[in-house]
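Have a look at the structure below before the remarks.
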Amino acid sequence: MQLHISPSMRSITISSSNEFIDLMKIKVAARHISYRTLFHTILILAFLLPFVFILTAVVTLEGVNKCSSIDCLGRRLGPRLLGRIDDSERLVRDFYKILNEVSTQEIPDGLKLPDSFSQLVSDMKNNHYDAKTFSLVLRAMIEKFERDIRESKFAELMNKHFAASSVPKGIHCLSLRLTDEYSSNAHARRQLPSPEFLPLLSDNAYHHFVLATDNILAASVVVSSAVQSSSKPEKIVFHVITDKKTYAGMHSWFALNSVAPAIVEVKSVHQFDWLTRENVPVLEAVESHNGIRNYYHGNHIAGANLSETTPRTFASKLQSRSPKYISLLNHLRIYLPELFPNLDKVVFLDDDIVIQRDLSPLWDIDLNGKVNGAVETCRGEDQWVMSKRLRNYFNFSHPLIAKHLDPEECAWAYGMNIFDLRTWRKTNIRETYHSWLKENLKSNLTMWKLGTLPPALIAFKGHVQAIDSSWHMLGLGYQSKTNLENVKKAAVIHYNGQSKPWLEIGFEHLRPFWTKYVNYTNDFIKNCHILE
């Protein structure tokens, strides 16, 4: 765009840049317009023209460059300059108003809803929907899809709970075959450990590990990973405790699959003289109480208001109702000082862990007079595992809980714990554990729901020494997005949660850290087609 002033100052011409079109021409009569007026006119034009140029550029960028005349440009720019909106903006505003009206209306009973967006468009065309009818149908469709997704999520959580609580076919096969081997093969029944090694079972110069489980495959991985990761495997003594039905198969496995130079002892709970009804009356009550059994083995949907429950809350409730929480094996750790009266210090391990680093330095950790060396679980940001405080485990609306506990107190983890049994024997931890279990039974499980950790959090209060978190990494059975580099660095990785590595619902990218310790050349493993 160019501005031309004639030499005689009698005319001013505004033309386009190609000089072929004159946009505006002003003729100045000398007798009517003074030079001062002309000068002021030029100043005003010089001020306005940049704004005209900017508006023209904006319209061009919006696709108005097809306009070939000032008239077209005026029709486009006019409403903007006058503060008006175009038809599309008015349409959006009107549609938003209709949506607000529809959101408060009742959806008519029997309203037939399309199954897809394409069907919705087809119905609009065929039935000539107005905007209000379209909005009502759209709202009903979205609400229906939300309900369907929610129901599917709850169904998924229930199926996952059943899968986590069941015994895989391959593991059941392994137990049966090894039990049969125990009855038919004398080598499978040989004494564990050999007689010459029996004194070492109570020798405090050795590193004693305790493992309580009825899962033979899981036990084999824990023991193998500990031995292979140790710098002093000849100093390792494993005390494997199982139940009566699994004892024969567990004994067969370790009798037929030596982990020398480490030593393995296999005992059943019925072989401990101390574990009598007189010594564990509360646990007998837990196992025999009808209300408790119905809670853990009954209908998990009955009485649950799913419309007011989030999927995450429902998942947590299902996890707390795992039948393992009323198993004696799961409570055994509270009786370690009595079960191993000659030992001073042990490391207790869960069966869903893998040891990746030498654990012998654990025996050198100073527990500062405390009983339990454990990793605290309130030092992380993730909500599933490492941000747990007592409020996550207890019902603080219960007066006893509110009176004795601090909701902001840090929780700690079971799974890999170093216990000073000498110090423990001087405390009343077991009695405290029993008394709180009784109180929870009296209150119909209203004080806490989740298994053995809550009463332990109370019983060990003031007796826990925090150890470095690199010793024990949790959450591999919960979180699919677990950082693999952190997994590789951890001394012990813990598949706590439903997605155990031996289950089909286990996370595939985390499973190899566990399966590397499964002996796939073993005939029993091969014949039972475990994790093929």
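Residue numbering restarts at 1 in every chain; chains get A, B, ... in the order shown in the structure tokens, and ligands count up from 1 in that same order.
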Tell me, counting only C-alpha atoms, for each residue of range 439-496 of chain A within 12 Å of range 144-166 of chain A, which pair of atoms is nearest and how far apart they are in Å to one decimal, in rows ordered by chain and increasing number, as CSV.
residue,atom,partner,partner_atom,distance
A:Gly477,CA,A:Ala164,CA,10.4
A:Tyr478,CA,A:Lys160,CA,11.8
A:Asn496,CA,A:Ala164,CA,11.3
Could you dump the residues just selected with C-alpha atoms as a PDB file, in the first residue's frame?
ATOM      1  CA  GLY A 477       2.816 -56.263  42.252  1.00  0.00           C
ATOM      2  CA  TYR A 478       0.938 -52.949  42.144  1.00  0.00           C
ATOM      3  CA  ASN A 496       3.616 -57.099  47.024  1.00  0.00           C
TER       4      ASN A 496
END
Test item: residues at most 6 Å from range 369-379 of chain A, only C-alpha atoms, excluding those fewer than 3 positions along its chain, as a list in words: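 The residues that qualify are Met386, Ser387, Lys388, Cys410, Ala411, Trp412, Ala413, Asn417, Ile418, Phe419, Asp420, Thr423, Trp424, His463, Val464, Gln465, Ala466, Ile467 and Ser469 of chain A.
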CA of Val240 in chain A to CA of Ile353 in chain A, straight-line distance in Å: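 A separation of 14.4 Å between them.
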Pro261 in chain A surroundings by only C-alpha atoms, 9 Å radius, close-in-sequence under 5 positions cut, as an MDAnalysis selection string: chainID A and resid 227 233:236
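With CA of Asp243 in chain A on one side and CA of Thr521 in chain A on the other, the separation reads 27.0 Å.
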In range 318-376 of chain A, DSSP strand (DSSP E) residues written as an NGL selection string: :A and (345-349 or 353-355 or 372-374)
12 Å contact set for His239 in chain A, only C-alpha atoms, chain neighbours under 6 positions out, as a ChimeraX atom specification: /A:192-193,198,200-202,207-213,219,222-223,250-251,254,262-269,336,339-340,343,346-349
Only C-alpha atoms, please: the residues just picked out, written as an mmCIF file, in the first residue's frame.
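Full text of again13.cif as output:
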data_model
loop_
_atom_site.group_PDB
_atom_site.id
_atom_site.type_symbol
_atom_site.label_atom_id
_atom_site.label_comp_id
_atom_site.auth_asym_id
_atom_site.auth_seq_id
_atom_site.Cartn_x
_atom_site.Cartn_y
_atom_site.Cartn_z
ATOM 1 C CA LEU A 192 17.248 -81.767 55.839
ATOM 2 C CA PRO A 193 19.838 -80.715 56.593
ATOM 3 C CA LEU A 198 22.242 -79.824 62.428
ATOM 4 C CA LEU A 200 24.525 -74.982 62.447
ATOM 5 C CA LEU A 201 20.743 -74.418 62.665
ATOM 6 C CA SER A 202 21.290 -72.619 65.971
ATOM 7 C CA HIS A 207 23.234 -65.693 58.674
ATOM 8 C CA HIS A 208 19.777 -67.093 59.372
ATOM 9 C CA PHE A 209 16.849 -66.415 57.043
ATOM 10 C CA VAL A 210 13.252 -67.388 57.875
ATOM 11 C CA LEU A 211 10.676 -67.959 55.129
ATOM 12 C CA ALA A 212 7.052 -68.982 55.813
ATOM 13 C CA THR A 213 5.131 -70.092 52.721
ATOM 14 C CA ALA A 219 10.229 -70.548 47.991
ATOM 15 C CA VAL A 222 13.706 -66.780 47.258
ATOM 16 C CA VAL A 223 16.328 -69.331 48.338
ATOM 17 C CA MET A 250 8.386 -78.589 49.972
ATOM 18 C CA HIS A 251 10.741 -81.115 51.589
ATOM 19 C CA PHE A 254 14.901 -78.934 48.604
ATOM 20 C CA ALA A 262 23.974 -72.980 51.830
ATOM 21 C CA ILE A 263 21.929 -74.976 54.337
ATOM 22 C CA VAL A 264 18.144 -75.423 54.169
ATOM 23 C CA GLU A 265 15.820 -76.668 56.884
ATOM 24 C CA VAL A 266 12.160 -77.410 56.051
ATOM 25 C CA LYS A 267 9.613 -77.667 58.881
ATOM 26 C CA SER A 268 5.845 -77.727 59.078
ATOM 27 C CA VAL A 269 3.925 -75.661 61.606
ATOM 28 C CA LEU A 336 9.921 -65.852 65.909
ATOM 29 C CA LEU A 339 10.109 -70.630 67.399
ATOM 30 C CA PHE A 340 13.882 -70.035 67.324
ATOM 31 C CA LEU A 343 18.948 -67.519 67.628
ATOM 32 C CA VAL A 346 17.236 -63.360 61.790
ATOM 33 C CA VAL A 347 16.072 -61.854 58.518
ATOM 34 C CA PHE A 348 12.436 -62.655 57.820
ATOM 35 C CA LEU A 349 11.453 -62.790 54.135
#
Contacts of Asp358 in chain A within 9 Å, only C-alpha atoms, excl. fewer than 6 positions in-chain, as JSON, numbers by chain: {"A": [226, 227, 228, 229, 230, 231, 232, 491]}
Selected residue of minimal separation from Ala255 in chain A among A:Leu510, A:Leu111, A:Leu457, A:Leu178, counting only C-alpha atoms: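 Among A:Leu510, A:Leu111, A:Leu457, A:Leu178, it is A:Leu178 that comes nearest to Ala255 in chain A.
In terms of minimum interatomic distance to Pro454 in chain A, A:Arg389 ranks closest within A:Lys489, A:Arg511, A:Lys426, A:Arg389, counting only C-alpha atoms.
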Point-to-point distance from CA of Thr179 in chain A to CA of Gly249 in chain A, Å rounded to tenths: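 Taking CA of Thr179 in chain A as the start and CA of Gly249 in chain A as the end point, the length is 4.2 Å.
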Option closest in space to Ile107 in chain A, from A:Asp364, A:Glu143, A:Asp406, A:Asp350 [counting only C-alpha atoms]: A:Glu143
Nearest candidate to Val221 in chain A (options A:Ser397, A:Gln191, A:Asn257, A:Ser183; using only C-alpha atoms):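 Result for the nearest residue to Val221 in chain A: A:Asn257.
Proximity of A:Asp352, A:Ile458, A:Asn527, A:Leu400 to Gly497 in chain A, computed with only C-alpha atoms, is greatest for A:Asp352.
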Ser443 in chain A environment, 12 Å, only C-alpha atoms, sequence neighbours closer than 2 positions dropped, as a VMD selection string: chain A and resid 291 to 292 395 398 to 401 436 to 441 445 to 449
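Among the candidate residues A:Leu217, A:Val492, A:Leu332, A:Leu367, the one lying nearest to Val280 in chain A is A:Leu332, with distances computed using only C-alpha atoms.
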